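Visitor: Sharing a structure with you now.
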Amino acid sequence: MSAARRPLALVTGGRRGIGRAACVALARKGFDILAADIAEDGAEETAAAVREAGGGFRFRALDVAKLEDHAGFLDEAWAGGGIECLVNNAGVGALRRGDLLDASPESWDRAFGVNARGNFFLTQAVARRMIEVDSPAAARSIIFVSSANATLASPDRGEYCASKAAVSMMARVFALRLAEHGIAVHEVRPGVIRTDLTAPVAEAYTRRIAEGLSPIRRWGEAEDVGRAIALLASGELSFTTGDALHIDGGLHIGRL
């Protein structure tokens with residue numbers, strides 16, 4: 001890698017919410033950003049925020065569920081010198097919340113197609129290319145954004161929970177496979193975060209947070225998650241891989 005080139009982070013689902021916050025936080029840590037998303041709405045705002053934070057920014061359309069598009073996308077990404085960090089942030093929820101006994105195959109396939117299958121094979125493709133670089137000049141990492149629902153069960157969106165549990169295991173198996181190549185793999189596990197995905201249930205969560213849903217009684221913000229992603233990508237925690245970092249206000253702590 002040329003000494004003049006800043007390390008590049010690929011952030012999927014990067015145009016808004018947690019993805020945008022990750023892009024900005026990574027830029028502050030010295031990364032240039034390649035943001036990928038299924039649509040462009042919001043990408044201009046993300047670009048402006050990244051540039052204000054000192055990073056270069058590119059946006060490319062990508063549906064991670066379409067495996068046939070991965071190779072061409074990565075060919076273009078690597079043309080500039082490679083990727084030092086992959087943030088697997090792209091994800092979808094259940095088509096609708098409701099009785100687990102009414103969950104549809106379509107909703108299951110959608111959740112697993114993006115959250116598990118798409119992210120798994122994009123990571124596989126990126127990892128193969130990373131391994132080809134014998135002497136990287138920057139810390140390299142792959143970061144999976146899962147969810148508190150990787151371990152906490154919500155029967156009104158069982159297919160989403162199952163897909164995020166799969167993401168959690170993916171982080172661990174890739175961590176084992178890639179450690180010998182100096183590629184750290186991390187899982188970031190957000191709790192109740194104020195984003196477009198939680199907007200439909202914001203009133204209910206606001207009430208539950210006030211009642212003590214999490215020990216830290218406030219909403220999580222996208223920036224909370226973005227800063228965690230950037231810290232892991234920086235290489236400052238160089239003796240850790242395969243762990244889950246909970247960004248949930250203590251929601252995961254079991255209580256009696």
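In the structure tokens, each chain is lettered A, B, ... as it comes, each chain's residues begin at 1, and ligands are numbered from 1 in order of appearance.
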Pull the alpha helix (DSSP H) assignments for range 10-223 of chain A out of DSSP run on the backbone, and list those residues as a PDB file with N, CA and C atoms, in the first residue's frame.
Guide:
```pdb
ATOM      1  N   GLY A  17     -28.341   6.291   9.133  1.00  0.00           N
ATOM      2  CA  GLY A  17     -28.412   5.552  10.381  1.00  0.00           C
ATOM      3  C   GLY A  17     -27.049   5.135  10.904  1.00  0.00           C
ATOM      4  N   ILE A  18     -26.955   3.894  11.382  1.00  0.00           N
ATOM      5  CA  ILE A  18     -25.699   3.378  11.913  1.00  0.00           C
ATOM      6  C   ILE A  18     -24.616   3.390  10.842  1.00  0.00           C
ATOM      7  N   GLY A  19     -24.983   3.098   9.609  1.00  0.00           N
ATOM      8  CA  GLY A  19     -23.995   3.113   8.531  1.00  0.00           C
ATOM      9  C   GLY A  19     -23.369   4.479   8.351  1.00  0.00           C
ATOM     10  N   ARG A  20     -24.188   5.520   8.338  1.00  0.00           N
ATOM     11  CA  ARG A  20     -23.644   6.877   8.205  1.00  0.00           C
ATOM     12  C   ARG A  20     -22.747   7.215   9.391  1.00  0.00           C
ATOM     13  N   ALA A  21     -23.193   6.893  10.592  1.00  0.00           N
ATOM     14  CA  ALA A  21     -22.394   7.184  11.783  1.00  0.00           C
ATOM     15  C   ALA A  21     -21.057   6.458  11.737  1.00  0.00           C
ATOM     16  N   ALA A  22     -21.063   5.217  11.240  1.00  0.00           N
ATOM     17  CA  ALA A  22     -19.809   4.468  11.104  1.00  0.00           C
ATOM     18  C   ALA A  22     -18.885   5.143  10.097  1.00  0.00           C
ATOM     19  N   CYS A  23     -19.437   5.573   8.968  1.00  0.00           N
ATOM     20  CA  CYS A  23     -18.625   6.252   7.956  1.00  0.00           C
ATOM     21  C   CYS A  23     -17.931   7.481   8.537  1.00  0.00           C
ATOM     22  N   VAL A  24     -18.664   8.291   9.263  1.00  0.00           N
ATOM     23  CA  VAL A  24     -18.114   9.531   9.823  1.00  0.00           C
ATOM     24  C   VAL A  24     -17.052   9.222  10.881  1.00  0.00           C
ATOM     25  N   ALA A  25     -17.356   8.276  11.771  1.00  0.00           N
ATOM     26  CA  ALA A  25     -16.404   7.930  12.823  1.00  0.00           C
ATOM     27  C   ALA A  25     -15.130   7.335  12.243  1.00  0.00           C
ATOM     28  N   LEU A  26     -15.254   6.512  11.214  1.00  0.00           N
ATOM     29  CA  LEU A  26     -14.079   5.939  10.559  1.00  0.00           C
ATOM     30  C   LEU A  26     -13.249   7.023   9.880  1.00  0.00           C
ATOM     31  N   ALA A  27     -13.909   7.989   9.269  1.00  0.00           N
ATOM     32  CA  ALA A  27     -13.184   9.101   8.649  1.00  0.00           C
ATOM     33  C   ALA A  27     -12.363   9.851   9.683  1.00  0.00           C
ATOM     34  N   ARG A  28     -12.920  10.033  10.871  1.00  0.00           N
ATOM     35  CA  ARG A  28     -12.184  10.715  11.943  1.00  0.00           C
ATOM     36  C   ARG A  28     -10.984   9.903  12.418  1.00  0.00           C
ATOM     37  N   ALA A  43     -27.276   9.438   0.646  1.00  0.00           N
ATOM     38  CA  ALA A  43     -25.839   9.296   0.422  1.00  0.00           C
ATOM     39  C   ALA A  43     -25.133  10.641   0.347  1.00  0.00           C
ATOM     40  N   GLU A  44     -25.784  11.661  -0.205  1.00  0.00           N
ATOM     41  CA  GLU A  44     -25.150  12.977  -0.305  1.00  0.00           C
ATOM     42  C   GLU A  44     -24.896  13.565   1.075  1.00  0.00           C
ATOM     43  N   GLU A  45     -25.834  13.382   1.995  1.00  0.00           N
ATOM     44  CA  GLU A  45     -25.644  13.876   3.353  1.00  0.00           C
ATOM     45  C   GLU A  45     -24.487  13.148   4.036  1.00  0.00           C
ATOM     46  N   THR A  46     -24.399  11.841   3.794  1.00  0.00           N
ATOM     47  CA  THR A  46     -23.294  11.066   4.355  1.00  0.00           C
ATOM     48  C   THR A  46     -21.974  11.530   3.774  1.00  0.00           C
ATOM     49  N   ALA A  47     -21.941  11.769   2.480  1.00  0.00           N
ATOM     50  CA  ALA A  47     -20.717  12.235   1.834  1.00  0.00           C
ATOM     51  C   ALA A  47     -20.238  13.549   2.446  1.00  0.00           C
ATOM     52  N   ALA A  48     -21.157  14.475   2.651  1.00  0.00           N
ATOM     53  CA  ALA A  48     -20.782  15.777   3.224  1.00  0.00           C
ATOM     54  C   ALA A  48     -20.225  15.618   4.634  1.00  0.00           C
ATOM     55  N   ALA A  49     -20.853  14.741   5.429  1.00  0.00           N
ATOM     56  CA  ALA A  49     -20.394  14.539   6.803  1.00  0.00           C
ATOM     57  C   ALA A  49     -19.021  13.877   6.834  1.00  0.00           C
ATOM     58  N   VAL A  50     -18.788  12.922   5.939  1.00  0.00           N
ATOM     59  CA  VAL A  50     -17.488  12.252   5.885  1.00  0.00           C
ATOM     60  C   VAL A  50     -16.393  13.232   5.473  1.00  0.00           C
ATOM     61  N   ARG A  51     -16.672  14.039   4.481  1.00  0.00           N
ATOM     62  CA  ARG A  51     -15.661  15.001   4.023  1.00  0.00           C
ATOM     63  C   ARG A  51     -15.364  16.046   5.087  1.00  0.00           C
ATOM     64  N   GLU A  52     -16.380  16.440   5.821  1.00  0.00           N
ATOM     65  CA  GLU A  52     -16.160  17.381   6.927  1.00  0.00           C
ATOM     66  C   GLU A  52     -15.276  16.755   8.006  1.00  0.00           C
ATOM     67  N   HIS A  70     -21.230  -9.225  -6.389  1.00  0.00           N
ATOM     68  CA  HIS A  70     -20.118  -8.972  -5.466  1.00  0.00           C
ATOM     69  C   HIS A  70     -18.783  -8.821  -6.193  1.00  0.00           C
ATOM     70  N   ALA A  71     -18.492  -9.717  -7.127  1.00  0.00           N
ATOM     71  CA  ALA A  71     -17.167  -9.726  -7.758  1.00  0.00           C
ATOM     72  C   ALA A  71     -16.892  -8.427  -8.503  1.00  0.00           C
ATOM     73  N   GLY A  72     -17.835  -7.984  -9.308  1.00  0.00           N
ATOM     74  CA  GLY A  72     -17.643  -6.744 -10.054  1.00  0.00           C
ATOM     75  C   GLY A  72     -17.499  -5.548  -9.135  1.00  0.00           C
ATOM     76  N   PHE A  73     -18.302  -5.520  -8.103  1.00  0.00           N
ATOM     77  CA  PHE A  73     -18.218  -4.431  -7.127  1.00  0.00           C
ATOM     78  C   PHE A  73     -16.831  -4.387  -6.491  1.00  0.00           C
ATOM     79  N   LEU A  74     -16.318  -5.548  -6.085  1.00  0.00           N
ATOM     80  CA  LEU A  74     -15.022  -5.582  -5.418  1.00  0.00           C
ATOM     81  C   LEU A  74     -13.868  -5.347  -6.384  1.00  0.00           C
ATOM     82  N   ASP A  75     -14.019  -5.739  -7.644  1.00  0.00           N
ATOM     83  CA  ASP A  75     -13.001  -5.411  -8.644  1.00  0.00           C
ATOM     84  C   ASP A  75     -12.806  -3.898  -8.700  1.00  0.00           C
ATOM     85  N   GLU A  76     -13.898  -3.173  -8.723  1.00  0.00           N
ATOM     86  CA  GLU A  76     -13.818  -1.708  -8.774  1.00  0.00           C
ATOM     87  C   GLU A  76     -13.233  -1.158  -7.485  1.00  0.00           C
ATOM     88  N   ALA A  77     -13.659  -1.708  -6.349  1.00  0.00           N
ATOM     89  CA  ALA A  77     -13.157  -1.231  -5.061  1.00  0.00           C
ATOM     90  C   ALA A  77     -11.653  -1.430  -4.950  1.00  0.00           C
ATOM     91  N   TRP A  78     -11.171  -2.585  -5.403  1.00  0.00           N
ATOM     92  CA  TRP A  78      -9.747  -2.906  -5.269  1.00  0.00           C
ATOM     93  C   TRP A  78      -8.883  -2.161  -6.265  1.00  0.00           C
ATOM     94  N   PRO A 105     -42.491 -17.496   5.036  1.00  0.00           N
ATOM     95  CA  PRO A 105     -41.236 -17.877   4.381  1.00  0.00           C
ATOM     96  C   PRO A 105     -40.577 -16.698   3.667  1.00  0.00           C
ATOM     97  N   GLU A 106     -41.396 -15.800   3.115  1.00  0.00           N
ATOM     98  CA  GLU A 106     -40.835 -14.632   2.421  1.00  0.00           C
ATOM     99  C   GLU A 106     -40.045 -13.750   3.380  1.00  0.00           C
ATOM    100  N   SER A 107     -40.580 -13.542   4.579  1.00  0.00           N
ATOM    101  CA  SER A 107     -39.878 -12.727   5.558  1.00  0.00           C
ATOM    102  C   SER A 107     -38.613 -13.419   6.033  1.00  0.00           C
ATOM    103  N   TRP A 108     -38.680 -14.731   6.261  1.00  0.00           N
ATOM    104  CA  TRP A 108     -37.497 -15.506   6.650  1.00  0.00           C
ATOM    105  C   TRP A 108     -36.412 -15.405   5.584  1.00  0.00           C
ATOM    106  N   ASP A 109     -36.781 -15.636   4.320  1.00  0.00           N
ATOM    107  CA  ASP A 109     -35.804 -15.620   3.238  1.00  0.00           C
ATOM    108  C   ASP A 109     -35.184 -14.243   3.073  1.00  0.00           C
ATOM    109  N   ARG A 110     -35.968 -13.206   3.243  1.00  0.00           N
ATOM    110  CA  ARG A 110     -35.440 -11.843   3.131  1.00  0.00           C
ATOM    111  C   ARG A 110     -34.430 -11.569   4.232  1.00  0.00           C
ATOM    112  N   ALA A 111     -34.774 -11.907   5.472  1.00  0.00           N
ATOM    113  CA  ALA A 111     -33.867 -11.654   6.596  1.00  0.00           C
ATOM    114  C   ALA A 111     -32.567 -12.427   6.438  1.00  0.00           C
ATOM    115  N   ASN A 119     -24.120 -11.197   3.725  1.00  0.00           N
ATOM    116  CA  ASN A 119     -22.948 -10.752   4.478  1.00  0.00           C
ATOM    117  C   ASN A 119     -21.874 -11.832   4.554  1.00  0.00           C
ATOM    118  N   PHE A 120     -22.285 -13.100   4.638  1.00  0.00           N
ATOM    119  CA  PHE A 120     -21.304 -14.187   4.680  1.00  0.00           C
ATOM    120  C   PHE A 120     -20.463 -14.207   3.408  1.00  0.00           C
ATOM    121  N   PHE A 121     -21.124 -14.188   2.264  1.00  0.00           N
ATOM    122  CA  PHE A 121     -20.372 -14.350   1.019  1.00  0.00           C
ATOM    123  C   PHE A 121     -19.640 -13.075   0.607  1.00  0.00           C
ATOM    124  N   LEU A 122     -20.124 -11.912   1.000  1.00  0.00           N
ATOM    125  CA  LEU A 122     -19.340 -10.697   0.772  1.00  0.00           C
ATOM    126  C   LEU A 122     -18.069 -10.741   1.618  1.00  0.00           C
ATOM    127  N   THR A 123     -18.204 -11.173   2.859  1.00  0.00           N
ATOM    128  CA  THR A 123     -17.036 -11.299   3.724  1.00  0.00           C
ATOM    129  C   THR A 123     -16.044 -12.309   3.167  1.00  0.00           C
ATOM    130  N   GLN A 124     -16.548 -13.425   2.698  1.00  0.00           N
ATOM    131  CA  GLN A 124     -15.679 -14.442   2.091  1.00  0.00           C
ATOM    132  C   GLN A 124     -14.870 -13.847   0.937  1.00  0.00           C
ATOM    133  N   ALA A 125     -15.549 -13.096   0.077  1.00  0.00           N
ATOM    134  CA  ALA A 125     -14.886 -12.520  -1.089  1.00  0.00           C
ATOM    135  C   ALA A 125     -13.855 -11.473  -0.687  1.00  0.00           C
ATOM    136  N   VAL A 126     -14.198 -10.627   0.279  1.00  0.00           N
ATOM    137  CA  VAL A 126     -13.252  -9.612   0.751  1.00  0.00           C
ATOM    138  C   VAL A 126     -12.052 -10.277   1.422  1.00  0.00           C
ATOM    139  N   ALA A 127     -12.317 -11.287   2.257  1.00  0.00           N
ATOM    140  CA  ALA A 127     -11.231 -11.953   2.980  1.00  0.00           C
ATOM    141  C   ALA A 127     -10.236 -12.592   2.008  1.00  0.00           C
ATOM    142  N   ARG A 128     -10.717 -13.218   0.962  1.00  0.00           N
ATOM    143  CA  ARG A 128      -9.813 -13.831  -0.020  1.00  0.00           C
ATOM    144  C   ARG A 128      -8.862 -12.794  -0.613  1.00  0.00           C
ATOM    145  N   ARG A 129      -9.397 -11.625  -0.897  1.00  0.00           N
ATOM    146  CA  ARG A 129      -8.565 -10.576  -1.486  1.00  0.00           C
ATOM    147  C   ARG A 129      -7.606 -10.000  -0.450  1.00  0.00           C
ATOM    148  N   MET A 130      -8.063  -9.840   0.774  1.00  0.00           N
ATOM    149  CA  MET A 130      -7.177  -9.342   1.830  1.00  0.00           C
ATOM    150  C   MET A 130      -5.978 -10.269   2.024  1.00  0.00           C
ATOM    151  N   ILE A 131      -6.226 -11.571   1.971  1.00  0.00           N
ATOM    152  CA  ILE A 131      -5.161 -12.553   2.215  1.00  0.00           C
ATOM    153  C   ILE A 131      -4.069 -12.462   1.163  1.00  0.00           C
ATOM    154  N   GLY A 158     -39.181 -13.332  15.025  1.00  0.00           N
ATOM    155  CA  GLY A 158     -38.307 -14.484  15.206  1.00  0.00           C
ATOM    156  C   GLY A 158     -37.321 -14.685  14.079  1.00  0.00           C
ATOM    157  N   GLU A 159     -37.730 -14.416  12.848  1.00  0.00           N
ATOM    158  CA  GLU A 159     -36.832 -14.616  11.718  1.00  0.00           C
ATOM    159  C   GLU A 159     -35.644 -13.649  11.774  1.00  0.00           C
ATOM    160  N   TYR A 160     -35.907 -12.428  12.232  1.00  0.00           N
ATOM    161  CA  TYR A 160     -34.831 -11.444  12.409  1.00  0.00           C
ATOM    162  C   TYR A 160     -33.861 -11.918  13.486  1.00  0.00           C
ATOM    163  N   CYS A 161     -34.382 -12.362  14.619  1.00  0.00           N
ATOM    164  CA  CYS A 161     -33.528 -12.852  15.706  1.00  0.00           C
ATOM    165  C   CYS A 161     -32.642 -13.996  15.227  1.00  0.00           C
ATOM    166  N   ALA A 162     -33.236 -14.945  14.519  1.00  0.00           N
ATOM    167  CA  ALA A 162     -32.470 -16.093  14.041  1.00  0.00           C
ATOM    168  C   ALA A 162     -31.369 -15.656  13.085  1.00  0.00           C
ATOM    169  N   SER A 163     -31.655 -14.691  12.224  1.00  0.00           N
ATOM    170  CA  SER A 163     -30.643 -14.241  11.265  1.00  0.00           C
ATOM    171  C   SER A 163     -29.501 -13.523  11.970  1.00  0.00           C
ATOM    172  N   LYS A 164     -29.809 -12.771  13.020  1.00  0.00           N
ATOM    173  CA  LYS A 164     -28.755 -12.069  13.741  1.00  0.00           C
ATOM    174  C   LYS A 164     -27.934 -13.019  14.610  1.00  0.00           C
ATOM    175  N   ALA A 165     -28.546 -14.084  15.095  1.00  0.00           N
ATOM    176  CA  ALA A 165     -27.766 -15.115  15.774  1.00  0.00           C
ATOM    177  C   ALA A 165     -26.771 -15.747  14.800  1.00  0.00           C
ATOM    178  N   ALA A 166     -27.177 -15.916  13.564  1.00  0.00           N
ATOM    179  CA  ALA A 166     -26.263 -16.429  12.540  1.00  0.00           C
ATOM    180  C   ALA A 166     -25.112 -15.463  12.302  1.00  0.00           C
ATOM    181  N   VAL A 167     -25.399 -14.176  12.275  1.00  0.00           N
ATOM    182  CA  VAL A 167     -24.347 -13.166  12.099  1.00  0.00           C
ATOM    183  C   VAL A 167     -23.322 -13.270  13.215  1.00  0.00           C
ATOM    184  N   SER A 168     -23.787 -13.458  14.438  1.00  0.00           N
ATOM    185  CA  SER A 168     -22.883 -13.576  15.579  1.00  0.00           C
ATOM    186  C   SER A 168     -21.927 -14.753  15.408  1.00  0.00           C
ATOM    187  N   MET A 169     -22.424 -15.877  14.966  1.00  0.00           N
ATOM    188  CA  MET A 169     -21.559 -17.035  14.740  1.00  0.00           C
ATOM    189  C   MET A 169     -20.613 -16.801  13.566  1.00  0.00           C
ATOM    190  N   MET A 170     -21.088 -16.104  12.558  1.00  0.00           N
ATOM    191  CA  MET A 170     -20.219 -15.797  11.427  1.00  0.00           C
ATOM    192  C   MET A 170     -18.990 -15.017  11.879  1.00  0.00           C
ATOM    193  N   ALA A 171     -19.170 -14.074  12.785  1.00  0.00           N
ATOM    194  CA  ALA A 171     -18.036 -13.300  13.276  1.00  0.00           C
ATOM    195  C   ALA A 171     -17.006 -14.202  13.937  1.00  0.00           C
ATOM    196  N   ARG A 172     -17.469 -15.197  14.667  1.00  0.00           N
ATOM    197  CA  ARG A 172     -16.543 -16.075  15.372  1.00  0.00           C
ATOM    198  C   ARG A 172     -15.795 -17.014  14.421  1.00  0.00           C
ATOM    199  N   VAL A 173     -16.501 -17.580  13.467  1.00  0.00           N
ATOM    200  CA  VAL A 173     -15.809 -18.518  12.572  1.00  0.00           C
ATOM    201  C   VAL A 173     -14.832 -17.782  11.661  1.00  0.00           C
ATOM    202  N   PHE A 174     -15.189 -16.602  11.199  1.00  0.00           N
ATOM    203  CA  PHE A 174     -14.239 -15.840  10.390  1.00  0.00           C
ATOM    204  C   PHE A 174     -13.054 -15.379  11.233  1.00  0.00           C
ATOM    205  N   ALA A 175     -13.288 -15.065  12.504  1.00  0.00           N
ATOM    206  CA  ALA A 175     -12.180 -14.681  13.385  1.00  0.00           C
ATOM    207  C   ALA A 175     -11.157 -15.807  13.489  1.00  0.00           C
ATOM    208  N   LEU A 176     -11.633 -17.030  13.645  1.00  0.00           N
ATOM    209  CA  LEU A 176     -10.733 -18.174  13.732  1.00  0.00           C
ATOM    210  C   LEU A 176      -9.969 -18.390  12.425  1.00  0.00           C
ATOM    211  N   ARG A 177     -10.660 -18.244  11.332  1.00  0.00           N
ATOM    212  CA  ARG A 177     -10.035 -18.514  10.023  1.00  0.00           C
ATOM    213  C   ARG A 177      -9.008 -17.449   9.642  1.00  0.00           C
ATOM    214  N   LEU A 178      -9.235 -16.197  10.015  1.00  0.00           N
ATOM    215  CA  LEU A 178      -8.430 -15.098   9.492  1.00  0.00           C
ATOM    216  C   LEU A 178      -7.354 -14.594  10.436  1.00  0.00           C
ATOM    217  N   ALA A 202     -41.009   3.578  18.339  1.00  0.00           N
ATOM    218  CA  ALA A 202     -40.269   4.503  19.206  1.00  0.00           C
ATOM    219  C   ALA A 202     -41.031   4.819  20.486  1.00  0.00           C
ATOM    220  N   GLU A 203     -42.325   5.027  20.387  1.00  0.00           N
ATOM    221  CA  GLU A 203     -43.100   5.392  21.580  1.00  0.00           C
ATOM    222  C   GLU A 203     -43.040   4.283  22.625  1.00  0.00           C
ATOM    223  N   ALA A 204     -43.190   3.042  22.178  1.00  0.00           N
ATOM    224  CA  ALA A 204     -43.161   1.929  23.115  1.00  0.00           C
ATOM    225  C   ALA A 204     -41.787   1.780  23.752  1.00  0.00           C
ATOM    226  N   TYR A 205     -40.727   1.929  22.954  1.00  0.00           N
ATOM    227  CA  TYR A 205     -39.388   1.797  23.509  1.00  0.00           C
ATOM    228  C   TYR A 205     -39.052   2.953  24.449  1.00  0.00           C
ATOM    229  N   THR A 206     -39.508   4.149  24.132  1.00  0.00           N
ATOM    230  CA  THR A 206     -39.261   5.285  25.029  1.00  0.00           C
ATOM    231  C   THR A 206     -39.855   5.009  26.405  1.00  0.00           C
ATOM    232  N   ARG A 207     -41.033   4.466  26.426  1.00  0.00           N
ATOM    233  CA  ARG A 207     -41.674   4.127  27.697  1.00  0.00           C
ATOM    234  C   ARG A 207     -40.903   3.026  28.420  1.00  0.00           C
ATOM    235  N   ARG A 208     -40.520   1.993  27.702  1.00  0.00           N
ATOM    236  CA  ARG A 208     -39.820   0.866  28.337  1.00  0.00           C
ATOM    237  C   ARG A 208     -38.436   1.280  28.844  1.00  0.00           C
ATOM    238  N   ILE A 209     -37.759   2.148  28.118  1.00  0.00           N
ATOM    239  CA  ILE A 209     -36.454   2.638  28.580  1.00  0.00           C
ATOM    240  C   ILE A 209     -36.620   3.417  29.877  1.00  0.00           C
ATOM    241  N   ALA A 210     -37.634   4.265  29.940  1.00  0.00           N
ATOM    242  CA  ALA A 210     -37.894   5.026  31.160  1.00  0.00           C
ATOM    243  C   ALA A 210     -38.208   4.111  32.334  1.00  0.00           C
ATOM    244  N   ALA A 222     -27.060   6.365  16.871  1.00  0.00           N
ATOM    245  CA  ALA A 222     -26.218   5.764  15.830  1.00  0.00           C
ATOM    246  C   ALA A 222     -24.747   6.086  16.066  1.00  0.00           C
ATOM    247  N   GLU A 223     -24.478   7.268  16.579  1.00  0.00           N
ATOM    248  CA  GLU A 223     -23.096   7.667  16.825  1.00  0.00           C
ATOM    249  C   GLU A 223     -22.430   6.795  17.886  1.00  0.00           C
TER     250      GLU A 223
END
```
Visitor: Excluding Asp248 in chain A and residues on its chain fewer than 5 positions from it, collect all residues at most 12 Å away from it, counting only C-alpha atoms, and give them as a list of chain:residue names.
Guide: A:Ser146, A:Ser147, A:Ala148, A:Asn149, A:Leu152, A:Val188, A:Arg189, A:Pro190, A:Gly191, A:Val192, A:Ile193, A:Arg194, A:Ile209, A:Leu213, A:Ser214, A:Pro215, A:Ile216, A:Arg217, A:Arg218, A:Trp219, A:Gly220, A:Glu221, A:Ala222, A:Asp224, A:Val225, A:Ala228, A:Ile253
Visitor: Quick one: write out the picked residues with N, CA and C atoms as an mmCIF file, in the first residue's frame?
Guide:
```cif
data_model
loop_
_atom_site.group_PDB
_atom_site.id
_atom_site.type_symbol
_atom_site.label_atom_id
_atom_site.label_comp_id
_atom_site.auth_asym_id
_atom_site.auth_seq_id
_atom_site.Cartn_x
_atom_site.Cartn_y
_atom_site.Cartn_z
ATOM 1 N N SER A 146 -24.358 -6.888 14.379
ATOM 2 C CA SER A 146 -25.453 -7.825 14.626
ATOM 3 C C SER A 146 -26.584 -7.095 15.349
ATOM 4 N N SER A 147 -26.964 -7.550 16.516
ATOM 5 C CA SER A 147 -28.076 -6.948 17.250
ATOM 6 C C SER A 147 -28.138 -7.582 18.626
ATOM 7 N N ALA A 148 -28.724 -6.865 19.568
ATOM 8 C CA ALA A 148 -29.034 -7.486 20.857
ATOM 9 C C ALA A 148 -29.871 -8.740 20.657
ATOM 10 N N ASN A 149 -30.624 -8.785 19.553
ATOM 11 C CA ASN A 149 -31.459 -9.955 19.259
ATOM 12 C C ASN A 149 -30.651 -11.159 18.784
ATOM 13 N N LEU A 152 -30.994 -12.071 22.658
ATOM 14 C CA LEU A 152 -32.249 -11.764 23.331
ATOM 15 C C LEU A 152 -33.417 -12.058 22.389
ATOM 16 N N VAL A 188 -20.166 -6.148 16.566
ATOM 17 C CA VAL A 188 -20.739 -5.048 17.337
ATOM 18 C C VAL A 188 -22.219 -5.336 17.470
ATOM 19 N N ARG A 189 -22.691 -5.334 18.713
ATOM 20 C CA ARG A 189 -24.049 -5.795 19.000
ATOM 21 C C ARG A 189 -24.883 -4.631 19.562
ATOM 22 N N PRO A 190 -25.544 -3.860 18.687
ATOM 23 C CA PRO A 190 -26.338 -2.724 19.166
ATOM 24 C C PRO A 190 -27.602 -3.172 19.893
ATOM 25 N N GLY A 191 -28.027 -2.337 20.841
ATOM 26 C CA GLY A 191 -29.292 -2.557 21.525
ATOM 27 C C GLY A 191 -30.384 -1.711 20.888
ATOM 28 N N VAL A 192 -31.089 -0.961 21.703
ATOM 29 C CA VAL A 192 -32.175 -0.119 21.200
ATOM 30 C C VAL A 192 -31.564 1.198 20.723
ATOM 31 N N ILE A 193 -31.461 1.340 19.410
ATOM 32 C CA ILE A 193 -30.794 2.481 18.786
ATOM 33 C C ILE A 193 -31.823 3.296 18.014
ATOM 34 N N ARG A 194 -31.727 4.598 18.125
ATOM 35 C CA ARG A 194 -32.674 5.478 17.440
ATOM 36 C C ARG A 194 -32.313 5.561 15.956
ATOM 37 N N ILE A 209 -37.759 2.148 28.118
ATOM 38 C CA ILE A 209 -36.454 2.638 28.580
ATOM 39 C C ILE A 209 -36.620 3.417 29.877
ATOM 40 N N LEU A 213 -35.706 -0.633 30.999
ATOM 41 C CA LEU A 213 -35.371 -1.698 30.058
ATOM 42 C C LEU A 213 -33.872 -1.965 30.038
ATOM 43 N N SER A 214 -33.086 -0.907 30.008
ATOM 44 C CA SER A 214 -31.623 -1.014 30.076
ATOM 45 C C SER A 214 -31.136 -0.222 31.277
ATOM 46 N N PRO A 215 -30.045 -0.654 31.912
ATOM 47 C CA PRO A 215 -29.535 0.076 33.067
ATOM 48 C C PRO A 215 -29.227 1.544 32.770
ATOM 49 N N ILE A 216 -28.660 1.813 31.596
ATOM 50 C CA ILE A 216 -28.475 3.204 31.173
ATOM 51 C C ILE A 216 -29.776 3.631 30.507
ATOM 52 N N ARG A 217 -30.494 4.517 31.145
ATOM 53 C CA ARG A 217 -31.877 4.802 30.730
ATOM 54 C C ARG A 217 -31.939 5.916 29.694
ATOM 55 N N ARG A 218 -31.448 5.607 28.527
ATOM 56 C CA ARG A 218 -31.602 6.509 27.378
ATOM 57 C C ARG A 218 -31.584 5.687 26.106
ATOM 58 N N TRP A 219 -32.065 6.297 25.043
ATOM 59 C CA TRP A 219 -31.936 5.689 23.727
ATOM 60 C C TRP A 219 -30.455 5.604 23.347
ATOM 61 N N GLY A 220 -30.074 4.555 22.667
ATOM 62 C CA GLY A 220 -28.782 4.546 22.004
ATOM 63 C C GLY A 220 -28.882 5.346 20.726
ATOM 64 N N GLU A 221 -27.797 5.999 20.364
ATOM 65 C CA GLU A 221 -27.756 6.786 19.135
ATOM 66 C C GLU A 221 -26.827 6.101 18.132
ATOM 67 N N ALA A 222 -27.060 6.365 16.871
ATOM 68 C CA ALA A 222 -26.218 5.764 15.830
ATOM 69 C C ALA A 222 -24.747 6.086 16.066
ATOM 70 N N ASP A 224 -23.198 6.292 18.853
ATOM 71 C CA ASP A 224 -22.636 5.376 19.845
ATOM 72 C C ASP A 224 -22.065 4.132 19.167
ATOM 73 N N VAL A 225 -22.799 3.628 18.202
ATOM 74 C CA VAL A 225 -22.368 2.431 17.485
ATOM 75 C C VAL A 225 -21.220 2.768 16.530
ATOM 76 N N ALA A 228 -17.874 2.880 18.250
ATOM 77 C CA ALA A 228 -17.384 1.540 18.589
ATOM 78 C C ALA A 228 -16.772 0.864 17.371
ATOM 79 N N ILE A 253 -27.181 -7.505 30.169
ATOM 80 C CA ILE A 253 -26.821 -8.016 31.491
ATOM 81 C C ILE A 253 -28.021 -8.744 32.088
#
```
Visitor: Which is closest to Ile33 in chain A among A:Ala65, A:Ala94, A:Ala150, A:Ala53, if we use only C-alpha atoms?
Guide: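 Closest candidate: A:Ala53.
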Visitor: So that I can check the surroundings of range 140-145 of chain A, please list as a ChimeraX atom specification every protein, DNA and RNA residue that reaches within 7 Å of it, counting only C-alpha atoms and ignoring chain neighbours fewer than 5 positions away.
Guide: /A:84-89,171,183-189,233
Visitor: Tell me, in Å to one decimal, how far CA of Leu34 in chain A is from CA of Leu10 in chain A.
Guide: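 CA of Leu10 in chain A lies 4.7 Å from CA of Leu34 in chain A.
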Visitor: With DSSP run on the backbone, what are the strand (DSSP E) residues within range 56-131 of chain A? I'd like them as a PyMOL selection string.
Guide: chain A and resi 57-61+85-88
Visitor: Can you work out which one of A:Phe31, A:Phe59, A:Phe239, A:Phe112 has the shortest atom-to-atom distance to Gly13 in chain A, counting only C-alpha atoms?
Guide: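 For Gly13 in chain A, the nearest of the candidates is A:Phe59.
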